[in-house]
file target.cif (mmCIF, C-alpha atoms)
data_protein
#
loop_
_atom_site.label_atom_id
_atom_site.label_comp_id
_atom_site.auth_asym_id
_atom_site.auth_seq_id
_atom_site.Cartn_x
_atom_site.Cartn_y
_atom_site.Cartn_z
CA VAL H 1478 -19.79 -9.07 -18.57
CA GLU H 1479 -18.09 -12.22 -19.85
CA MET H 1480 -16.39 -12.67 -16.45
CA SER H 1481 -19.51 -11.70 -14.45
CA LEU H 1482 -17.73 -8.78 -12.79
CA GLN H 1483 -20.48 -6.20 -13.30
CA SER H 1484 -21.28 -5.94 -9.60
CA ARG H 1485 -17.61 -5.42 -8.68
CA VAL H 1486 -17.21 -2.71 -11.33
CA MET H 1487 -20.30 -0.92 -10.06
CA GLN H 1488 -19.07 -1.23 -6.47
CA GLU H 1489 -15.75 0.35 -7.49
CA LYS H 1490 -17.61 3.21 -9.16
CA GLU H 1491 -19.86 3.78 -6.16
CA LEU H 1492 -17.01 3.76 -3.64
CA ALA H 1493 -14.91 6.20 -5.66
CA SER H 1494 -17.88 8.49 -6.27
CA ALA H 1495 -18.76 8.54 -2.56
CA LEU H 1496 -15.37 10.00 -1.58
CA LEU H 1497 -16.17 13.70 -1.26
CA THR H 1498 -13.35 14.96 0.98
CA HIS H 1499 -10.09 16.12 -0.61
CA ASN H 1500 -7.03 14.08 0.27
CA ARG H 1501 -3.52 14.38 -1.13
CA PHE H 1502 -3.24 10.60 -1.57
CA VAL H 1503 -6.79 9.60 -2.53
CA PRO H 1504 -7.91 11.87 -5.40
CA LEU H 1505 -11.55 12.70 -5.96
CA ALA H 1506 -13.49 11.06 -8.77
CA LEU H 1507 -14.84 13.87 -10.96
CA THR H 1508 -17.11 11.92 -13.28
CA THR H 1509 -17.63 8.60 -15.02
CA LEU H 1510 -17.94 7.87 -18.72
CA GLN H 1511 -19.23 4.78 -20.46
CA ASP H 1512 -19.17 3.21 -23.90
CA ASP H 1513 -20.34 -0.18 -25.16
CA GLY H 1514 -17.51 -2.07 -23.51
CA TYR H 1515 -15.98 -0.01 -20.72
CA LEU H 1516 -16.71 2.22 -17.75
CA TYR H 1517 -14.20 5.05 -17.23
CA THR H 1518 -13.57 7.16 -14.12
CA VAL H 1519 -11.99 10.61 -14.36
CA PHE H 1520 -9.96 11.50 -11.26
CA LYS H 1521 -8.74 14.88 -10.10
CA THR H 1522 -5.08 14.04 -10.58
CA ARG H 1523 -2.40 13.66 -13.26
CA VAL H 1524 -0.88 10.20 -13.14
CA ALA H 1525 2.80 10.07 -14.11
CA ILE H 1526 4.07 6.55 -13.34
CA ASP H 1527 3.28 3.45 -11.32
CA LEU H 1528 5.37 2.53 -8.31
CA SER H 1529 6.42 -0.80 -9.81
CA THR H 1530 8.10 0.90 -12.77
CA LEU H 1531 9.85 3.37 -10.47
CA LEU H 1532 11.12 0.60 -8.24
CA GLY H 1533 12.50 -1.51 -11.06
CA GLU H 1534 14.61 -4.39 -9.78
CA THR H 1535 16.77 -2.47 -7.30
CA ALA H 1536 15.75 -1.73 -3.73
CA PHE H 1537 14.93 1.73 -2.47
CA ASP H 1538 17.10 2.93 0.37
CA GLU H 1539 15.18 3.18 3.63
CA LYS H 1540 14.73 6.93 3.48
CA THR H 1541 13.10 6.80 0.06
CA ALA H 1542 10.97 3.80 1.03
CA MET H 1543 9.89 5.75 4.10
CA PHE H 1544 8.41 8.51 1.97
CA TYR H 1545 6.28 6.10 -0.05
CA ALA H 1546 5.25 3.96 2.93
CA ALA H 1547 4.19 7.05 4.87
CA SER H 1548 2.21 8.29 1.88
CA VAL H 1549 0.32 5.00 1.64
CA ALA H 1550 -0.29 5.06 5.40
CA LEU H 1551 -1.86 8.52 5.10
CA GLY H 1552 -4.05 7.29 2.26
CA LEU H 1553 -5.23 4.41 4.45
CA GLU H 1554 -5.98 6.82 7.30
CA HIS H 1555 -8.30 8.69 4.97
CA LEU H 1556 -10.02 5.61 3.55
CA GLN H 1557 -10.53 4.04 6.96
CA GLY H 1558 -11.94 7.21 8.50
CA ASP H 1559 -15.52 8.23 9.12
CA ALA H 1560 -15.66 10.64 6.17
CA ALA H 1561 -14.78 7.91 3.67
CA GLY H 1562 -17.01 5.32 5.30
CA HIS H 1563 -14.41 2.84 6.61
CA ILE H 1564 -13.14 1.43 3.33
CA ILE H 1565 -10.84 -1.58 3.09
CA TYR H 1566 -8.60 -0.88 0.09
CA ARG H 1567 -7.19 -4.40 -0.55
CA ASN H 1568 -4.94 -3.42 -3.45
CA LEU H 1569 -1.60 -2.18 -2.12
CA THR H 1570 0.75 -3.62 -4.73
CA PRO H 1571 3.48 -1.64 -6.52
CA GLU H 1572 1.68 -2.30 -9.81
CA ALA H 1573 -1.58 -0.78 -8.54
CA ILE H 1574 -0.10 2.26 -6.78
CA VAL H 1575 0.54 5.26 -9.02
CA LEU H 1576 2.29 8.60 -8.53
CA ASP H 1577 1.03 11.96 -9.70
CA SER H 1578 3.03 14.52 -11.67
CA GLN H 1579 4.55 15.85 -8.43
CA GLY H 1580 5.61 12.42 -7.20
CA TYR H 1581 2.91 11.83 -4.61
CA VAL H 1582 1.25 8.44 -4.12
CA GLN H 1583 -2.29 8.19 -5.52
CA LEU H 1584 -4.61 5.38 -4.39
CA ILE H 1585 -7.09 5.28 -7.26
CA ASP H 1586 -7.44 1.58 -8.11
CA MET H 1587 -10.53 0.63 -6.12
CA ARG H 1588 -11.28 -2.61 -7.96
CA TYR H 1589 -11.02 -4.71 -4.78
CA ALA H 1590 -12.13 -2.10 -2.26
CA CYS H 1591 -15.15 -2.63 -0.04
CA LYS H 1592 -16.78 -1.29 3.10
CA GLU H 1593 -15.78 -2.69 6.47
CA THR H 1594 -19.35 -3.80 7.11
CA PRO H 1595 -20.76 -6.25 6.35
CA MET H 1596 -17.52 -8.13 7.01
CA PRO H 1597 -16.10 -9.43 3.70
CA SER H 1598 -14.74 -12.96 3.35
CA ASP H 1599 -13.97 -13.11 -0.37
CA PHE H 1600 -10.60 -13.79 -1.99
CA CYS H 1601 -9.29 -10.98 -4.17
CA GLY H 1602 -5.96 -9.58 -5.28
CA TYR H 1603 -2.54 -11.22 -5.38
CA ALA H 1604 -2.11 -14.32 -3.21
CA HIS H 1605 1.23 -13.10 -1.81
CA TYR H 1606 -0.39 -9.92 -0.45
CA LEU H 1607 -3.21 -11.61 1.48
CA ALA H 1608 -3.26 -11.54 5.27
CA PRO H 1609 -3.76 -14.75 7.27
CA GLU H 1610 -7.40 -13.91 8.00
CA GLN H 1611 -8.04 -13.54 4.27
CA VAL H 1612 -6.39 -16.88 3.58
CA SER H 1613 -8.55 -18.55 6.22
CA GLY H 1614 -11.71 -17.17 4.58
CA GLN H 1615 -13.29 -16.50 7.97
CA GLY H 1616 -13.82 -12.79 7.37
CA HIS H 1617 -11.49 -9.80 7.53
CA GLY H 1618 -11.45 -6.08 8.24
CA LEU H 1619 -9.33 -2.95 8.02
CA ALA H 1620 -6.28 -4.73 9.45
CA VAL H 1621 -5.59 -6.49 6.14
CA ASP H 1622 -4.43 -3.20 4.64
CA PHE H 1623 -1.73 -2.85 7.29
CA TRP H 1624 -0.51 -6.37 6.50
CA ALA H 1625 -0.41 -5.37 2.82
CA LEU H 1626 1.44 -2.16 3.73
CA GLY H 1627 4.06 -4.29 5.45
CA THR H 1628 4.35 -6.54 2.40
CA LEU H 1629 4.66 -3.51 0.13
CA LEU H 1630 7.36 -1.95 2.31
CA TYR H 1631 9.23 -5.26 2.40
CA GLU H 1632 9.27 -5.28 -1.41
CA LEU H 1633 10.42 -1.65 -1.60
CA VAL H 1634 13.49 -2.25 0.58
CA THR H 1635 14.41 -5.63 -0.95
CA GLY H 1636 14.05 -4.72 -4.62
CA GLY H 1637 10.82 -6.61 -5.22
CA ALA H 1638 11.45 -9.71 -3.11
CA ASN H 1639 8.36 -10.99 -1.32
CA PRO H 1640 8.39 -12.80 2.04
CA TRP H 1641 5.96 -15.45 0.81
CA LEU H 1642 7.58 -16.27 -2.54
CA THR H 1643 10.54 -18.62 -2.93
CA GLY H 1644 11.34 -18.02 -6.60
CA ASP H 1645 10.61 -21.67 -7.33
CA PRO H 1646 7.45 -21.94 -9.48
CA ALA H 1647 6.78 -25.42 -8.11
CA LYS H 1648 6.68 -24.05 -4.56
CA ASP H 1649 4.99 -20.74 -5.37
CA SER H 1650 1.56 -22.09 -6.23
CA GLU H 1651 -1.34 -20.39 -4.43
CA VAL H 1652 -1.53 -23.34 -2.07
CA GLY H 1653 2.17 -23.03 -1.22
CA ILE H 1654 1.87 -19.28 -0.66
CA TYR H 1655 -1.18 -19.70 1.56
CA GLN H 1656 0.61 -22.34 3.63
CA ARG H 1657 3.56 -20.04 4.28
CA ILE H 1658 1.30 -17.13 5.20
CA SER H 1659 -0.80 -19.31 7.51
CA MET H 1660 2.32 -20.67 9.25
CA HIS H 1661 3.87 -17.23 9.82
CA GLN H 1662 4.76 -16.58 13.46
CA PRO H 1663 5.13 -13.21 15.25
CA GLY H 1664 8.54 -11.70 14.60
CA GLY H 1665 9.36 -14.44 12.12
CA LEU H 1666 10.09 -12.43 8.99
CA LYS H 1667 13.22 -13.41 7.09
CA PHE H 1668 15.08 -11.32 4.54
CA PRO H 1669 16.94 -12.26 1.35
CA ASP H 1670 20.72 -12.36 1.22
CA GLY H 1671 22.14 -8.88 0.86
CA ALA H 1672 19.17 -7.14 2.47
CA GLU H 1673 20.11 -5.53 5.76
CA PRO H 1674 17.14 -3.52 7.06
CA SER H 1675 17.70 -1.45 10.17
CA ALA H 1676 16.40 -2.70 13.53
CA PRO H 1677 13.54 -0.12 13.62
CA LEU H 1678 12.47 -1.16 10.12
CA LYS H 1679 12.50 -4.85 11.05
CA GLU H 1680 10.36 -4.03 14.07
CA LEU H 1681 7.90 -2.08 11.94
CA LEU H 1682 7.62 -4.84 9.34
CA ASN H 1683 7.02 -7.48 11.98
CA ASP H 1684 4.41 -5.27 13.68
CA LEU H 1685 2.60 -4.64 10.39
CA MET H 1686 2.68 -8.33 9.50
CA HIS H 1687 1.65 -9.74 12.84
CA PRO H 1688 -0.40 -12.88 12.15
CA LYS H 1689 -3.08 -11.86 14.65
CA SER H 1690 -5.12 -9.02 13.15
CA ASP H 1691 -5.96 -7.44 16.53
CA ARG H 1692 -2.25 -7.24 17.40
CA ARG H 1693 -1.22 -5.73 14.09
CA LEU H 1694 0.13 -2.18 14.04
CA GLY H 1695 -2.67 0.19 13.02
CA ALA H 1696 -5.40 -2.17 14.20
CA ARG H 1697 -4.63 -2.49 17.91
CA GLY H 1698 -7.39 -0.19 19.09
CA THR H 1699 -5.86 3.26 18.70
CA GLY H 1700 -6.58 3.59 14.97
CA PRO H 1701 -4.49 3.88 11.82
CA LYS H 1702 -2.53 6.89 13.11
CA GLU H 1703 -0.64 4.46 15.32
CA VAL H 1704 1.63 3.81 12.34
CA ARG H 1705 2.95 7.37 12.60
CA HIS H 1706 4.50 6.60 15.98
CA ALA H 1707 6.61 3.65 14.84
CA LYS H 1708 10.28 3.97 15.84
CA TRP H 1709 11.36 3.84 12.19
CA PHE H 1710 9.63 7.15 11.47
CA ALA H 1711 10.48 8.71 14.81
CA SER H 1712 14.19 8.00 14.28
CA VAL H 1713 14.37 10.75 11.64
CA ASP H 1714 11.64 13.05 13.01
CA PHE H 1715 9.51 12.37 9.94
CA GLN H 1716 7.52 15.40 8.74
CA TRP H 1717 4.02 13.89 8.66
CA GLU H 1718 2.19 17.22 8.63
CA LYS H 1719 4.12 18.57 5.65
CA LEU H 1720 3.64 15.35 3.72
CA GLU H 1721 -0.07 15.31 4.53
CA ALA H 1722 -0.44 18.90 3.33
CA GLY H 1723 1.53 18.30 0.13
CA LYS H 1724 4.25 20.68 1.27
CA TRP H 1725 7.12 18.27 1.41
CA THR H 1726 10.47 19.90 2.13
CA ARG H 1727 13.60 18.26 0.80
CA HIS H 1728 15.89 16.97 3.55
CA THR H 1729 17.67 13.77 4.48
CA LEU H 1730 14.78 11.55 3.36
CA CYS H 1731 15.02 12.56 -0.26
CA THR H 1732 17.59 10.18 -1.66
CA GLY H 1733 17.27 7.40 -4.18
CA THR H 1734 19.36 4.52 -5.49
CA HIS H 1735 19.97 3.51 -9.06
CA SER H 1736 17.33 1.46 -10.89
CA THR H 1737 17.59 -0.33 -14.20
CA ARG H 1738 14.37 1.37 -15.29
CA ALA H 1739 14.53 4.76 -13.61
CA SER H 1740 17.37 7.11 -12.88
CA SER H 1741 18.18 8.06 -9.30
CA SER H 1742 16.77 11.54 -9.83
CA ASP H 1743 13.51 10.07 -11.10
CA ARG H 1744 13.21 7.92 -7.99
CA GLN H 1745 13.47 10.73 -5.47
CA PRO H 1746 10.40 11.95 -3.54
CA PRO H 1747 9.12 15.45 -4.34
CA ASP H 1748 11.43 18.37 -3.75
CA THR H 1749 10.32 21.49 -1.92
CA LEU H 1750 6.60 22.04 -2.44
CA THR H 1751 4.56 24.94 -1.14
#
call {"tool": "encode", "arguments": {"input": "target.cif", "output": "structure tokens"}}
result
Amino acid sequence: VEMSLQSRVMQEKELASALLTHNRFVPLALTTLQDDGYLYTVFKTRVAIDLSTLLGETAFDEKTAMFYAASVALGLEHLQGDAAGHIIYRNLTPEAIVLDSQGYVQLIDMRYACKETPMPSDFCGYAHYLAPEQVSGQGHGLAVDFWALGTLLYELVTGGANPWLTGDPAKDSEVGIYQRISMHQPGGLKFPDGAEPSAPLKELLNDLMHPKSDRRLGARGTGPKEVRHAKWFASVDFQWEKLEAGKWTRHTLCTGTHSTRASSSDRQPPDTLT
């Protein structure tokens, strides 16, 4: 109330309550509770950890990052579909993404979510996750979530580095971040020293973070499932159907690297699930 966020809180509640179709990555809201100061939502899931804590300060190897990126992509497919009402999620940061007790991604933080129509033009979320069309303030759509997916994946494989942050507080003001995002050119992503992403991953990241929203992977006219056909996933014959069904089978994707805050075994995607 003090921050005049009542309408946003109620919008979050309404969007979560309107999701009636089961999805492995977007759990159903069972009920809401309220006291004098807070509104609570009870979801049909058991949250174990957030992705930021699991990541720590050490990069995921590509195969582990692939599992989490694919999970988020499937969550976006659900939210952007007809059944969910074409929702723009707008909150794909490691801090906001949680995992359930079986290790699957859960998109439950709907604080910035909104419907695709009417077209939103507000600023919300972290500056370094905003797409160029959000920075311009001219209105944005579903494509911003694919930009954010690219930013998230970049952070996963670089140990938390962000393409729009320099590490210099004087240069990393919101204005500085917005300038770098606005000046981004197609195929122009750079990577920190020591990061050596594969060619298919570089291609995917540049496609997800294309500065033109209508040329961005997932928003080029064929729908969000376009992400599934990226070369990075095809190179290992990624098991989309098993992941979507929650029946992930352990194979070459299930490896993790050491983190200062989570052991390698903690960081691995789910083992065989039936």
call {"tool": "resolve_selection", "arguments": {"input": "target.cif", "expression": "the PyMOL selection byres ((chain H and resi 1626) around 8)", "output": "PyMOL selection string"}}
result
chain H and resi 1546+1549-1550+1569+1622-1625+1627-1630+1685
call {"tool": "atom_distance", "arguments": {"input": "target.cif", "atom1": "atom CA of Tyr1517 of chain H", "atom2": "atom CA of Gln1611 of chain H"}}
result
29.1 Å
call {"tool": "resolve_selection", "arguments": {"input": "target.cif", "expression": "the PyMOL selection byres ((chain H and resi 1679) around 10)", "output": "PyMOL selection string"}}
result
chain H and resi 1631+1664+1666-1668+1673-1678+1680-1685+1709
call {"tool": "resolve_selection", "arguments": {"input": "target.cif", "expression": "the PyMOL selection byres ((chain H and resi 1610) around 12)", "output": "CSV table (one decimal) with C-alpha atoms, keeping the file's coordinate frame"}}
result
chain,number,residue,atom,x,y,z
H,1596,MET,CA,-17.5,-8.1,7.0
H,1597,PRO,CA,-16.1,-9.4,3.7
H,1598,SER,CA,-14.7,-13.0,3.4
H,1599,ASP,CA,-14.0,-13.1,-0.4
H,1600,PHE,CA,-10.6,-13.8,-2.0
H,1606,TYR,CA,-0.4,-9.9,-0.4
H,1607,LEU,CA,-3.2,-11.6,1.5
H,1608,ALA,CA,-3.3,-11.5,5.3
H,1609,PRO,CA,-3.8,-14.8,7.3
H,1611,GLN,CA,-8.0,-13.5,4.3
H,1612,VAL,CA,-6.4,-16.9,3.6
H,1613,SER,CA,-8.6,-18.6,6.2
H,1614,GLY,CA,-11.7,-17.2,4.6
H,1615,GLN,CA,-13.3,-16.5,8.0
H,1616,GLY,CA,-13.8,-12.8,7.4
H,1617,HIS,CA,-11.5,-9.8,7.5
H,1618,GLY,CA,-11.4,-6.1,8.2
H,1619,LEU,CA,-9.3,-3.0,8.0
H,1620,ALA,CA,-6.3,-4.7,9.4
H,1621,VAL,CA,-5.6,-6.5,6.1
H,1622,ASP,CA,-4.4,-3.2,4.6
H,1624,TRP,CA,-0.5,-6.4,6.5
H,1655,TYR,CA,-1.2,-19.7,1.6
H,1658,ILE,CA,1.3,-17.1,5.2
H,1659,SER,CA,-0.8,-19.3,7.5
H,1660,MET,CA,2.3,-20.7,9.2
H,1661,HIS,CA,3.9,-17.2,9.8
H,1686,MET,CA,2.7,-8.3,9.5
H,1687,HIS,CA,1.6,-9.7,12.8
H,1688,PRO,CA,-0.4,-12.9,12.2
H,1689,LYS,CA,-3.1,-11.9,14.6
H,1690,SER,CA,-5.1,-9.0,13.2
H,1691,ASP,CA,-6.0,-7.4,16.5
H,1693,ARG,CA,-1.2,-5.7,14.1
call {"tool": "atom_distance", "arguments": {"input": "target.cif", "atom1": "atom CA of Ala1506 of chain H", "atom2": "atom CA of Thr1522 of chain H"}}
result
9.1 Å
call {"tool": "closest_residue", "arguments": {"input": "target.cif", "among": "H:Glu1632, H:Val1704, H:Ala1722, H:Arg1692", "to": "Gly1533 of chain H", "atoms": "all atoms listed in the file"}}
result
H:Glu1632
call {"tool": "atom_distance", "arguments": {"input": "target.cif", "atom1": "atom CA of Leu1492 of chain H", "atom2": "atom CA of Asp1559 of chain H"}}
result
13.6 Å
call {"tool": "closest_residue", "arguments": {"input": "target.cif", "among": "H:Ala1696, H:Ile1574, H:Ala1604, H:Leu1556", "to": "Leu1497 of chain H", "atoms": "only C-alpha atoms"}}
result
H:Leu1556
call {"tool": "closest_residue", "arguments": {"input": "target.cif", "among": "H:Trp1641, H:Met1587, H:Gln1483, H:Ala1495", "to": "Tyr1515 of chain H", "atoms": "all atoms listed in the file"}}
result
H:Gln1483
